[in-house]
Amino acid sequence: MLSVILIWCYMLVTAFGTGYGVLRAITSRVPYRIRHVDSYLMCGLVCVTVYAEFFSLFDRVGLLANLILCGACALILWRDRRVLGGKLRELLAGAKGKRKACVYLFLFLLFAYGTSRGMIHYDTGLYHAQSIRWLEEYGVVKGLGNLHCRLAYNSSSFALSALYSMPFLGGQSYHCCAGLLALIIAGICLEIGDSLRAGRLKVSDFARVMGIYYLVIIFDEMISPASDYFMVLIAFYIVIRWLDLLESGEKVIVPYALLCVMGVFLVTVKLSAALILLLTLQPAYYLLKERRGRETAGYLLLGCLVALPYLIRNVIISGWLVYPFTGIDWFSVSWKIPKGLADYDAREIQVWGRGYTDVSQFDRSIRDWLPEWFQALENSDKLLVLAAAFSVCVLLLYGVGMLWGLLRSRKRSGAGKPLAEQWHMLLVQGTMAGSFLFWLGTSPLIRYGCVYVYLTSAVVLGGLYDRLVNRTGRTGAAVQKSAALWRRSVNGLCMAAVTLLILYKACALGREIMGAYVDDYWLAQKDYENYEVIPYELNGVTFYYPAQGDQVGYESFPSSPARAEIGFLGQEIEDGFYSPD
């Protein structure tokens, strides 16, 4: 646990320093002030990940990468030390600031405890740990996916994990990044307390409830550097903060555009998040409408900069621009993973998500496999999926009503502003619903897309609740009084339900922690799990494969789930591999 705390302190300083420097540069010429500390942290995590990806193109991601990062952060923080000191004193001023600091300190220690121990994800032993170690040892290697196709998945989250894994200190390779990201989301979800005290829930609060639900689920799993956790947590951040902006009436385009850039980053974490980019329609519409070409070009450049190292690494590792998608075949390189193998891998991912493993049944119709898939879900997941499906139906009806309202608004003056706000909310709801349907129709493994299941019902039903309970009417005094009483009753019941759910999940988490308590890992974090392996030689280099099953862990390096049949592009392992097929 102590190791997690120390690494987190280092991550917070470097991520904050990097994010502060970048956001200060971006917002220096626009009328927008950053409102949340987590904005600097999330921006910084994106920036250091992109930095680590670029660095891996030239060298291993290790001590030198961290020294350069420390130097840059030191310059940024020293330059604005007085401003930052004033902001810190402002945050801690008064009894309210001190109470918040105590709550965040408790969360910090709680999540550090959870990140120090727990269950290692199955896929971590399969390829996550090996992917991170390749970055630690060599950076990017040509044709690495030929050794094991899953090493070609190239999630940008692995670069972040490698940057902060610290194996050069002489101990183990640490894996603390998912836990810190969960801590940041927990702090954001904690803001629901303001709404509970005010007696009025917002749409963003329903998203926060689902965020709390997810955090409890992964509390004993966030020790693992699985890309699924990174994707879901970042998606929660984007949607919650986007809703906060809408609900506060924010008109400046800057924060929306920056969240869209983070959406591009999210796609580099996991390709299944691609539909989150539908949110770009809102800032793009206003930028183009107002002919702000310079700003538009700037945000496009930021998005390209975020995606560029991911795409370059894809080509180097697999020979494909977006592996395992073979529809874009632009590169003819000697280390390219054969198209047949890439297509097979893509189909295997989809059938696995549908609940079966026979790739030959890939063409089964959705009417055949969907009922079987649904029956295999846990009861809680069944309810959540049904709620999401119901929300999609509600959204379709609501969308028709919105179109009717648009036609009517043309005949009434002064209706444009509230209608525009409704369209902005509808975009978020449509993005989540579209993501849910895309996930459901392709590879609906719960851990692949649970965020779409959770957020679709949260933003759609939460939006319906907000419209019905918090709206005002033009009816008579008696009717208004009756409606107000009804709204207060419904609001009270809903707030009571939310409060009870949060308390229940908190108690469940407490029972889980106490039940799984082991008086260990107080100093060092639980290490990767390692497995019995069989060594063999290729071109004078010792490789490993598991004696049983397909997991190899971290220690036996380099490894693959089965004995590899590859050729070397040069004399050394860092020269890369090719497929003899």
# chains A, B, ... in the order shown; residues from 1 in each chain; ligands from 1
>>> residues_around(residues="stretch 450-456 of chain A", least_positions_apart="4", cutoff="10 Å", atoms="only C-alpha atoms", output="short mmCIF file (atom, residue, chain, number, x, y, z; two decimals) with N, CA, C and O atoms, in the first residue's frame")
data_model
loop_
_atom_site.label_atom_id
_atom_site.label_comp_id
_atom_site.auth_asym_id
_atom_site.auth_seq_id
_atom_site.Cartn_x
_atom_site.Cartn_y
_atom_site.Cartn_z
N SER A 204 -26.82 14.66 -14.47
CA SER A 204 -25.45 14.24 -14.18
C SER A 204 -25.37 13.42 -12.90
O SER A 204 -24.49 12.56 -12.76
N PHE A 206 -27.56 11.19 -11.90
CA PHE A 206 -27.90 9.81 -12.23
C PHE A 206 -26.69 9.09 -12.82
O PHE A 206 -26.47 7.90 -12.57
N ALA A 207 -25.91 9.82 -13.63
CA ALA A 207 -24.66 9.24 -14.15
C ALA A 207 -23.68 8.97 -13.01
O ALA A 207 -22.95 7.97 -13.03
N ARG A 208 -23.65 9.85 -12.03
CA ARG A 208 -22.76 9.65 -10.87
C ARG A 208 -23.17 8.41 -10.07
O ARG A 208 -22.31 7.68 -9.57
N VAL A 209 -24.47 8.18 -9.94
CA VAL A 209 -24.94 6.99 -9.22
C VAL A 209 -24.41 5.73 -9.89
O VAL A 209 -23.92 4.81 -9.24
N MET A 210 -24.49 5.70 -11.22
CA MET A 210 -23.99 4.53 -11.94
C MET A 210 -22.46 4.45 -11.85
O MET A 210 -21.90 3.35 -11.85
N GLY A 211 -21.80 5.60 -11.76
CA GLY A 211 -20.36 5.60 -11.55
C GLY A 211 -19.99 4.97 -10.21
O GLY A 211 -19.04 4.17 -10.12
N TYR A 213 -21.81 2.80 -8.60
CA TYR A 213 -22.13 1.38 -8.76
C TYR A 213 -20.95 0.64 -9.40
O TYR A 213 -20.54 -0.43 -8.95
N TYR A 214 -20.37 1.24 -10.44
CA TYR A 214 -19.25 0.60 -11.14
C TYR A 214 -17.99 0.56 -10.28
O TYR A 214 -17.26 -0.44 -10.26
N ASP A 228 -10.05 -2.27 -20.23
CA ASP A 228 -11.49 -2.08 -20.04
C ASP A 228 -11.76 -1.08 -18.92
O ASP A 228 -12.66 -0.24 -19.04
N TYR A 229 -11.01 -1.16 -17.82
CA TYR A 229 -11.24 -0.25 -16.71
C TYR A 229 -10.92 1.19 -17.10
O TYR A 229 -11.66 2.12 -16.76
N MET A 231 -11.03 2.48 -20.11
CA MET A 231 -12.04 2.95 -21.05
C MET A 231 -13.32 3.36 -20.33
O MET A 231 -13.87 4.45 -20.57
N VAL A 232 -13.81 2.52 -19.45
CA VAL A 232 -15.08 2.79 -18.76
C VAL A 232 -14.95 4.02 -17.87
O VAL A 232 -15.83 4.90 -17.86
N LEU A 233 -13.87 4.12 -17.13
CA LEU A 233 -13.70 5.24 -16.21
C LEU A 233 -13.57 6.57 -16.95
O LEU A 233 -14.14 7.58 -16.54
N ILE A 234 -12.82 6.58 -18.04
CA ILE A 234 -12.67 7.82 -18.82
C ILE A 234 -14.00 8.19 -19.46
O ILE A 234 -14.35 9.38 -19.56
N ALA A 235 -14.76 7.19 -19.94
CA ALA A 235 -16.08 7.47 -20.52
C ALA A 235 -17.00 8.09 -19.47
O ALA A 235 -17.75 9.04 -19.77
N PHE A 236 -16.98 7.58 -18.25
CA PHE A 236 -17.76 8.19 -17.17
C PHE A 236 -17.34 9.64 -16.98
O PHE A 236 -18.20 10.53 -16.82
N VAL A 239 -18.70 11.95 -19.92
CA VAL A 239 -20.15 12.15 -19.90
C VAL A 239 -20.58 12.99 -18.70
O VAL A 239 -21.40 13.92 -18.84
N ILE A 240 -20.04 12.69 -17.53
CA ILE A 240 -20.44 13.45 -16.33
C ILE A 240 -20.05 14.92 -16.48
O ILE A 240 -20.86 15.82 -16.21
N ALA A 273 -15.00 2.27 -28.17
CA ALA A 273 -15.54 3.55 -27.69
C ALA A 273 -15.70 4.56 -28.82
O ALA A 273 -15.96 5.73 -28.55
N ASP A 381 -27.31 -7.75 -14.13
CA ASP A 381 -26.98 -7.30 -15.47
C ASP A 381 -28.19 -7.38 -16.40
O ASP A 381 -28.38 -6.53 -17.28
N LEU A 384 -30.25 -4.30 -15.78
CA LEU A 384 -29.62 -3.10 -16.32
C LEU A 384 -29.71 -3.06 -17.85
O LEU A 384 -29.92 -2.00 -18.44
N VAL A 385 -29.54 -4.21 -18.49
CA VAL A 385 -29.66 -4.26 -19.96
C VAL A 385 -31.09 -3.96 -20.38
O VAL A 385 -31.33 -3.22 -21.35
N LEU A 386 -32.07 -4.52 -19.66
CA LEU A 386 -33.47 -4.24 -19.97
C LEU A 386 -33.79 -2.76 -19.77
O LEU A 386 -34.53 -2.16 -20.56
N ALA A 387 -33.22 -2.17 -18.71
CA ALA A 387 -33.43 -0.73 -18.47
C ALA A 387 -32.84 0.10 -19.60
O ALA A 387 -33.44 1.08 -20.04
N ALA A 388 -31.66 -0.31 -20.10
CA ALA A 388 -31.04 0.41 -21.21
C ALA A 388 -31.87 0.27 -22.48
O ALA A 388 -32.07 1.24 -23.23
N ALA A 389 -32.37 -0.95 -22.75
CA ALA A 389 -33.20 -1.17 -23.94
C ALA A 389 -34.50 -0.37 -23.85
O ALA A 389 -34.94 0.25 -24.84
N PHE A 390 -35.11 -0.35 -22.68
CA PHE A 390 -36.31 0.46 -22.47
C PHE A 390 -36.01 1.94 -22.69
O PHE A 390 -36.81 2.67 -23.29
N SER A 391 -34.85 2.38 -22.23
CA SER A 391 -34.45 3.78 -22.39
C SER A 391 -34.29 4.15 -23.85
O SER A 391 -34.61 5.28 -24.26
N VAL A 392 -33.79 3.23 -24.66
CA VAL A 392 -33.66 3.49 -26.10
C VAL A 392 -35.03 3.71 -26.71
O VAL A 392 -35.22 4.63 -27.53
N LEU A 395 -36.25 7.06 -25.69
CA LEU A 395 -35.52 8.10 -26.41
C LEU A 395 -36.06 8.27 -27.83
O LEU A 395 -36.14 9.41 -28.33
N VAL A 428 -26.24 13.92 -26.15
CA VAL A 428 -25.60 13.03 -25.18
C VAL A 428 -26.38 11.73 -25.06
O VAL A 428 -25.81 10.63 -25.06
N GLN A 429 -27.70 11.85 -24.95
CA GLN A 429 -28.53 10.66 -24.82
C GLN A 429 -28.42 9.77 -26.06
O GLN A 429 -28.32 8.54 -25.96
N GLY A 430 -28.44 10.39 -27.24
CA GLY A 430 -28.32 9.62 -28.48
C GLY A 430 -26.97 8.95 -28.62
O GLY A 430 -26.87 7.83 -29.13
N THR A 431 -25.92 9.63 -28.16
CA THR A 431 -24.57 9.05 -28.22
C THR A 431 -24.49 7.80 -27.35
O THR A 431 -23.94 6.77 -27.75
N MET A 432 -25.05 7.87 -26.15
CA MET A 432 -25.02 6.70 -25.27
C MET A 432 -25.90 5.58 -25.81
O MET A 432 -25.52 4.41 -25.78
N ALA A 433 -27.07 5.93 -26.31
CA ALA A 433 -27.97 4.91 -26.87
C ALA A 433 -27.35 4.26 -28.10
O ALA A 433 -27.42 3.03 -28.26
N GLY A 434 -26.74 5.07 -28.97
CA GLY A 434 -26.08 4.51 -30.15
C GLY A 434 -24.92 3.60 -29.77
O GLY A 434 -24.73 2.53 -30.37
N SER A 435 -24.15 4.00 -28.77
CA SER A 435 -23.04 3.17 -28.30
C SER A 435 -23.56 1.85 -27.72
O SER A 435 -22.96 0.79 -27.94
N PHE A 436 -24.66 1.93 -26.98
CA PHE A 436 -25.26 0.71 -26.41
C PHE A 436 -25.71 -0.25 -27.51
O PHE A 436 -25.43 -1.45 -27.46
N LEU A 437 -26.39 0.27 -28.53
CA LEU A 437 -26.86 -0.59 -29.63
C LEU A 437 -25.71 -1.17 -30.43
O LEU A 437 -25.76 -2.34 -30.84
N PHE A 438 -24.67 -0.37 -30.65
CA PHE A 438 -23.49 -0.86 -31.37
C PHE A 438 -22.82 -1.99 -30.58
O PHE A 438 -22.46 -3.03 -31.15
N TRP A 439 -22.67 -1.79 -29.29
CA TRP A 439 -22.08 -2.83 -28.43
C TRP A 439 -22.95 -4.08 -28.42
O TRP A 439 -22.45 -5.20 -28.55
N LEU A 440 -24.26 -3.90 -28.31
CA LEU A 440 -25.17 -5.02 -28.24
C LEU A 440 -25.16 -5.85 -29.52
O LEU A 440 -25.26 -7.08 -29.48
N PRO A 444 -21.21 -8.08 -27.25
CA PRO A 444 -21.78 -7.57 -25.99
C PRO A 444 -21.31 -8.28 -24.73
O PRO A 444 -22.14 -8.69 -23.91
N LEU A 445 -20.00 -8.40 -24.56
CA LEU A 445 -19.49 -8.85 -23.27
C LEU A 445 -19.64 -7.69 -22.28
O LEU A 445 -19.26 -6.56 -22.61
N ILE A 446 -20.19 -7.95 -21.11
CA ILE A 446 -20.52 -6.87 -20.18
C ILE A 446 -19.33 -5.98 -19.88
O ILE A 446 -19.43 -4.75 -19.88
N VAL A 460 -30.97 8.94 -20.13
CA VAL A 460 -32.30 9.02 -20.73
C VAL A 460 -33.38 9.12 -19.66
O VAL A 460 -34.20 10.06 -19.66
N LEU A 461 -33.40 8.18 -18.72
CA LEU A 461 -34.41 8.23 -17.66
C LEU A 461 -34.17 9.39 -16.71
O LEU A 461 -35.12 9.98 -16.19
N GLY A 462 -32.88 9.72 -16.48
CA GLY A 462 -32.57 10.90 -15.67
C GLY A 462 -33.06 12.17 -16.33
O GLY A 462 -33.57 13.09 -15.67
#
>>> residues_around(residues="stretch 152-160 of chain A", least_positions_apart="6", cutoff="6 Å", atoms="only C-alpha atoms", output="list in words")
Thr49, Ala52, Glu53, Ile132, Gly145, Thr268, Val269, Ile317 and Ser318 of chain A
>>> atom_distance(atom1="atom CA of A:Gln525", atom2="atom CA of A:Ala65")
22.6 Å
>>> closest_residue(among="A:Ala497, A:Ile276, A:Leu147, A:Leu311", to="A:Leu201", atoms="only C-alpha atoms")
A:Ala497
>>> closest_residue(among="A:Val61, A:Cys507, A:Val83, A:Ile188", to="A:His36", atoms="only C-alpha atoms")
A:Ile188
>>> closest_residue(among="A:Phe54, A:Arg60, A:Asp220, A:Glu250", to="A:Arg33", atoms="only C-alpha atoms")
A:Glu250
>>> closest_atom_pairs(of="stretch 140-207 of chain A", to="stretch 109-130 of chain A", cutoff="7 Å", atoms="only C-alpha atoms", output="tab-separated table")
residue	atom	partner	partner_atom	distance
A:Arg150	CA	A:Tyr127	CA	6.5
A:Leu151	CA	A:Tyr127	CA	6.4
A:Cys176	CA	A:Thr115	CA	6.5
A:Gly179	CA	A:Thr115	CA	5.4
A:Leu183	CA	A:Phe111	CA	6.2
>>> residues_around(residues="A:Val351", least_positions_apart="3", cutoff="10 Å", atoms="only C-alpha atoms", output="list of chain:residue names")
A:Ala346, A:Arg347, A:Glu348, A:Arg354, A:Gly355, A:Tyr356, A:Thr357, A:Asp358, A:Val359, A:Ser360, A:Gln361, A:Phe362, A:Asp363, A:Arg364, A:Trp369, A:Thr442, A:Ser443, A:Pro444, A:Leu445
>>> residues_around(residues="A:Gly549", least_positions_apart="6", cutoff="12 Å", atoms="only C-alpha atoms", output="list in words")
Tyr122, Gly125, Leu126, Tyr531, Glu532, Val533, Ile534, Ser560, Pro561 and Ala562 of chain A
>>> closest_residue(among="A:Arg133, A:Leu278, A:Cys189, A:Lys202", to="A:Leu468", atoms="only C-alpha atoms")
A:Lys202
>>> residues_around(residues="A:Asn539", least_positions_apart="3", cutoff="12 Å", atoms="only C-alpha atoms", output="ChimeraX atom specification")
/A:536,542-543,565-573,576-577
>>> closest_residue(among="A:Ser380, A:Leu464, A:Pro283, A:Thr326", to="A:Val394", atoms="only C-alpha atoms")
A:Leu464
>>> closest_residue(among="A:Thr18, A:Ser195, A:Ser28, A:Ser3", to="A:Val46", atoms="only C-alpha atoms")
A:Thr18
